[in-house]
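Chemist: Quick one: structure below, then a few questions.
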Amino acid sequence: MFWNALLLALREVGRNKMRSALTMMGIIIGVGAVITMVTLGRGATAQVSSEIASLGSNLLQVRSGSRFRGPGGVRMKSRPLFMKDVTAIGDEINGIAAVAPSSTKTLAVVSGNANWTTTVRGTNNDYFHTRNWSLSSGRSFSVDELQGGRPTCIIGETVRKELFEGLNPLGATVRIGKVSCQVIGVLAAKGASPFGRDQDDQVLMPLKTFQRRIAGNREIGMIFVSAESGNIASRVKRDIESLLRQRRQISPPKSDDFFVRDMKEVAARVTGTTRTLTALLGTVAAVSLLVGGIGIMNIMLVSVIERTREIGIRLAIGARERDILLQFLVEAVVLSSVGGIVGIALGLLAAFIGSSILAVPLELGSDIVVIAFTFSAAVGIVFGYFPARQAARLDPIEALRHE
């Protein structure tokens, strides 16, 4: 019985090709839009997660200053951090893989006739571990350079392109502000951060050199801390906060004059936002499936009216109401299912093209394909039932009189 109904449905769909194609268009667009939006949204989420992970391994950032803002929206000043704080964190907190001090200043870097304004950062070799950074060429700082404050530097890829395009920068001398510095290494390229900043646009120097010859003070702008694993990052964060409150003699109800930021928490917030937007876009796209379902119901009602005499003949020669109901219901499901299959193909193609244009990973998921197809078939059942029931309840005598 089912196979007979399926053959009748396929025959009817094939008989009215143009009308069937237009009827399926709403389902095709709906399924394709859902798959495209969800796939691109997942790709954007994966890219953001990857970019935040590239900022550092289980990274914590320690800064001086209050989380709250004072009158006029200005961050309240507080006592700066010093190298002794860096040493205390490394010595007294368990579960830390590396601790890197960091102080920065924006300066012009000059090499021959070329110059470029960039961020100059004073730090040590632990910076490479905490920030997941490697060298494309050259070497890291030696012990003598770190302890003696010798003027050596490691440049980012953007600085290399601006100052040494086509040339080998290793061994060259650049002028940073008023300080002459020998280039000993080049950082591997990372590109833009999740927040839009060019991570390759920087120059690294030994911290002591930076403090003595550029900053003119011993303050530390930020401390990068890498936890041994992501599972203990939150515990390390709490231990650092407790240690710094003790060192800075902060007791309740006083507020902290520093803050520790866990980049995993930042990643969770950002990816949570992208997931919400993906769900919203998917929901908006799914509305077109409902529009497609209404189109199927409309065409099926028209089909019932057109085929009233055919229905009457079938009922007169012994067909039961459930046979008529199944015939029209299967026809509606065929329309929605075929539309769903075509929509899946177009959605995957659009997702592939979109991911290439937007430069995001192609995160194809079988779950969204199955859900979209199941929903399209369900639309056929739901919106095809009313026309099918109306056809099944026709009076055979009145149907045979229909012209």
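Ordering of the structure tokens sets the chain letters (A, B, ...); residue numbers start at 1 within each chain; ligands are numbered from 1 in the order shown.
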Based on DSSP run over this structure's backbone, return all residues of segment 77-285 of chain A in strand (DSSP E or B), as a PyMOL selection string.

Modeler: chain A and resi 81+96-111+114-123+135-138+152-155+173-176+179-187+192+198+202-206+220+222-227+258-262

Chemist: Would you save the residues of that selection, restricted to C-alpha atoms, as an mmCIF file, in the first residue's frame?

Modeler:
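Wrote it out as selection.cif, contents follow:
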data_model
loop_
_atom_site.group_PDB
_atom_site.id
_atom_site.type_symbol
_atom_site.label_atom_id
_atom_site.label_comp_id
_atom_site.auth_asym_id
_atom_site.auth_seq_id
_atom_site.Cartn_x
_atom_site.Cartn_y
_atom_site.Cartn_z
ATOM 1 C CA LEU A 81 53.984 45.656 39.704
ATOM 2 C CA ILE A 96 52.970 27.271 36.963
ATOM 3 C CA ALA A 97 54.904 26.367 33.810
ATOM 4 C CA ALA A 98 56.350 29.826 33.053
ATOM 5 C CA VAL A 99 56.156 33.442 34.222
ATOM 6 C CA ALA A 100 57.099 36.329 31.932
ATOM 7 C CA PRO A 101 57.261 40.020 32.897
ATOM 8 C CA SER A 102 56.296 42.525 30.228
ATOM 9 C CA SER A 103 56.588 46.289 29.850
ATOM 10 C CA THR A 104 55.785 48.074 26.607
ATOM 11 C CA LYS A 105 56.221 51.424 24.904
ATOM 12 C CA THR A 106 55.380 52.640 21.406
ATOM 13 C CA LEU A 107 58.499 53.891 19.613
ATOM 14 C CA ALA A 108 59.882 54.446 16.138
ATOM 15 C CA VAL A 109 62.321 51.772 14.937
ATOM 16 C CA VAL A 110 64.819 52.888 12.276
ATOM 17 C CA SER A 111 66.999 50.840 9.938
ATOM 18 C CA ALA A 114 63.348 52.784 6.610
ATOM 19 C CA ASN A 115 61.435 53.490 9.800
ATOM 20 C CA TRP A 116 58.375 52.001 11.461
ATOM 21 C CA THR A 117 56.443 52.863 14.614
ATOM 22 C CA THR A 118 55.797 49.735 16.643
ATOM 23 C CA THR A 119 55.372 48.313 20.142
ATOM 24 C CA VAL A 120 58.648 47.692 21.951
ATOM 25 C CA ARG A 121 58.349 45.088 24.700
ATOM 26 C CA GLY A 122 60.803 44.345 27.491
ATOM 27 C CA THR A 123 60.571 40.727 28.664
ATOM 28 C CA LEU A 135 61.264 31.948 16.215
ATOM 29 C CA SER A 136 61.296 31.671 12.437
ATOM 30 C CA SER A 137 65.005 32.464 12.454
ATOM 31 C CA GLY A 138 67.743 33.487 14.865
ATOM 32 C CA THR A 152 69.747 43.077 21.536
ATOM 33 C CA CYS A 153 66.281 42.595 20.090
ATOM 34 C CA ILE A 154 63.952 40.132 18.368
ATOM 35 C CA ILE A 155 61.601 41.586 15.782
ATOM 36 C CA THR A 173 71.543 47.107 13.838
ATOM 37 C CA VAL A 174 68.342 49.074 14.314
ATOM 38 C CA ARG A 175 67.738 52.235 16.312
ATOM 39 C CA ILE A 176 64.873 52.062 18.814
ATOM 40 C CA VAL A 179 69.082 53.069 21.564
ATOM 41 C CA SER A 180 71.029 51.079 18.971
ATOM 42 C CA CYS A 181 70.065 47.411 19.089
ATOM 43 C CA GLN A 182 71.336 44.304 17.303
ATOM 44 C CA VAL A 183 68.708 42.021 15.765
ATOM 45 C CA ILE A 184 69.260 38.432 16.928
ATOM 46 C CA GLY A 185 65.979 36.796 15.921
ATOM 47 C CA VAL A 186 62.671 37.008 14.066
ATOM 48 C CA LEU A 187 59.359 35.853 15.549
ATOM 49 C CA ALA A 192 45.895 39.431 13.926
ATOM 50 C CA ASP A 198 48.545 42.801 14.665
ATOM 51 C CA GLN A 202 56.357 44.297 17.914
ATOM 52 C CA VAL A 203 59.991 44.239 18.987
ATOM 53 C CA LEU A 204 61.221 42.249 22.001
ATOM 54 C CA MET A 205 64.132 43.368 24.178
ATOM 55 C CA PRO A 206 65.663 42.047 27.431
ATOM 56 C CA ILE A 220 56.263 45.901 35.158
ATOM 57 C CA MET A 222 51.914 43.070 32.849
ATOM 58 C CA ILE A 223 52.836 39.586 33.992
ATOM 59 C CA PHE A 224 52.061 36.638 31.724
ATOM 60 C CA VAL A 225 51.573 33.372 33.621
ATOM 61 C CA SER A 226 51.241 29.976 31.949
ATOM 62 C CA ALA A 227 49.553 27.277 34.039
ATOM 63 C CA PHE A 258 45.198 44.570 40.552
ATOM 64 C CA PHE A 259 43.361 41.961 38.498
ATOM 65 C CA VAL A 260 44.124 38.553 37.051
ATOM 66 C CA ARG A 261 42.488 37.650 33.745
ATOM 67 C CA ASP A 262 42.063 34.036 32.710
#

Chemist: Need the shell around segment 291-302 of chain A: protein/DNA/RNA residues with any atom at most 7 Å away, counting only C-alpha atoms. Skip same-chain ones fewer than 4 positions apart. Format as a PyMOL selection string?

Modeler: chain A and resi 23+26-27+287+306+332+379-380+383-384+387

Chemist: Next, write the just-selected residues to a file, as an mmCIF file, in the first residue's frame, keeping C-alpha atoms as the atom set.

Modeler:
data_model
loop_
_atom_site.group_PDB
_atom_site.id
_atom_site.type_symbol
_atom_site.label_atom_id
_atom_site.label_comp_id
_atom_site.auth_asym_id
_atom_site.auth_seq_id
_atom_site.Cartn_x
_atom_site.Cartn_y
_atom_site.Cartn_z
ATOM 1 C CA THR A 23 6.528 24.321 -4.259
ATOM 2 C CA GLY A 26 10.677 27.301 0.161
ATOM 3 C CA ILE A 27 11.997 24.041 1.645
ATOM 4 C CA VAL A 287 11.438 30.377 9.598
ATOM 5 C CA GLU A 306 -8.121 19.579 -9.219
ATOM 6 C CA ALA A 332 3.512 16.108 0.496
ATOM 7 C CA VAL A 379 7.109 19.947 7.607
ATOM 8 C CA GLY A 380 5.689 17.785 4.799
ATOM 9 C CA PHE A 383 1.412 20.734 6.476
ATOM 10 C CA GLY A 384 0.352 17.878 4.203
ATOM 11 C CA PRO A 387 -5.116 18.605 2.627
#

Chemist: Using only C-alpha atoms, determine which residues lie at most 10 Å from Leu346 of chain A, disregarding the query and same-chain residues fewer than 4 positions distant; provide the list as a PDB file with C-alpha atoms, in the first residue's frame.

Modeler:
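Result saved to selection_28.pdb:
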ATOM      1  CA  ILE A  28      15.178  24.241  -0.455  1.00  0.00           C
ATOM      2  CA  ILE A  29      15.902  27.797   0.659  1.00  0.00           C
ATOM      3  CA  VAL A  31      17.235  23.910   4.572  1.00  0.00           C
ATOM      4  CA  GLY A  32      20.086  25.505   2.620  1.00  0.00           C
ATOM      5  CA  ALA A  33      20.003  28.649   4.755  1.00  0.00           C
ATOM      6  CA  ILE A  35      22.963  24.542   7.014  1.00  0.00           C
ATOM      7  CA  THR A  36      24.902  27.523   5.659  1.00  0.00           C
ATOM      8  CA  GLY A 340      15.333  18.931   1.749  1.00  0.00           C
ATOM      9  CA  ILE A 341      17.891  16.872  -0.205  1.00  0.00           C
ATOM     10  CA  VAL A 342      18.406  19.637  -2.764  1.00  0.00           C
ATOM     11  CA  ALA A 350      27.141  27.710  -0.017  1.00  0.00           C
ATOM     12  CA  ALA A 351      28.913  26.910   3.268  1.00  0.00           C
ATOM     13  CA  PHE A 352      32.056  25.868   1.361  1.00  0.00           C
TER      14      PHE A 352
END

Chemist: Check the smallest atom-to-atom distance from each of A:Arg197, A:Arg248, A:Arg235, A:Lys208 to Gly148 of chain A using only C-alpha atoms, then report the winner.

Modeler: A:Lys208

Chemist: For atom CA of Arg150 of chain A and atom CA of Phe210 of chain A, quote the distance in Å rounded to one decimal.

Modeler: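 Between atom CA of Arg150 of chain A and atom CA of Phe210 of chain A the gap works out to 9.7 Å.
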
Chemist: Would you mind writing down, as a ChimeraX atom specification, each residue of segment 156-391 of chain A that DSSP on the backbone assigns to helix (DSSP H, G or I)?

Modeler: /A:157-164,207-215,230-247,263-306,308-316,321-358,366-391

Chemist: Excluding same-chain residues fewer than 4 positions from Glu265 of chain A, what lies within 10 Å of it counting only C-alpha atoms, as a list in words?

Modeler: Leu60, Ser234, Arg261, Arg269, Val270 and Thr271 of chain A

Chemist: Which of these residues is nearest to Gly230 of chain A, using only C-alpha atoms: A:Gln211, A:Thr158, A:Asn58, A:Gln246?

Modeler: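 Closest residue, counting only C-alpha atoms: A:Asn58.
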
Chemist: Can you work out the spacing between atom CA of Met25 of chain A and atom CA of Val333 of chain A in Å, to one decimal?

Modeler: 14.2 Å

Chemist: Have a look at atom CA of Val370 of chain A and atom CA of Lys17 of chain A and let me know their distance in Å, one decimal.

Modeler: 26.3 Å

Chemist: For segment 353-362 of chain A, list every protein, DNA or RNA residue within 9 Å, evaluated using only C-alpha atoms, and leave out those in the same chain fewer than 4 positions away; present the list as a list in words.

Modeler: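 Returned residues: Thr36, Thr39, Leu40, Arg42, Gly43, Ala44, Thr45, Ala46, Gln47, Leu348 and Leu349 of chain A.
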
Chemist: I'd like to know which of A:Ala286, A:Ile232, A:Ala88, A:Leu329 is closest to Phe386 of chain A, using only C-alpha atoms.

Modeler: A:Leu329

Chemist: Could you check which of A:Ser336, A:Ser50, A:Asn231, A:Ser376 is closest to Leu22 of chain A, using only C-alpha atoms?

Modeler: A:Ser336
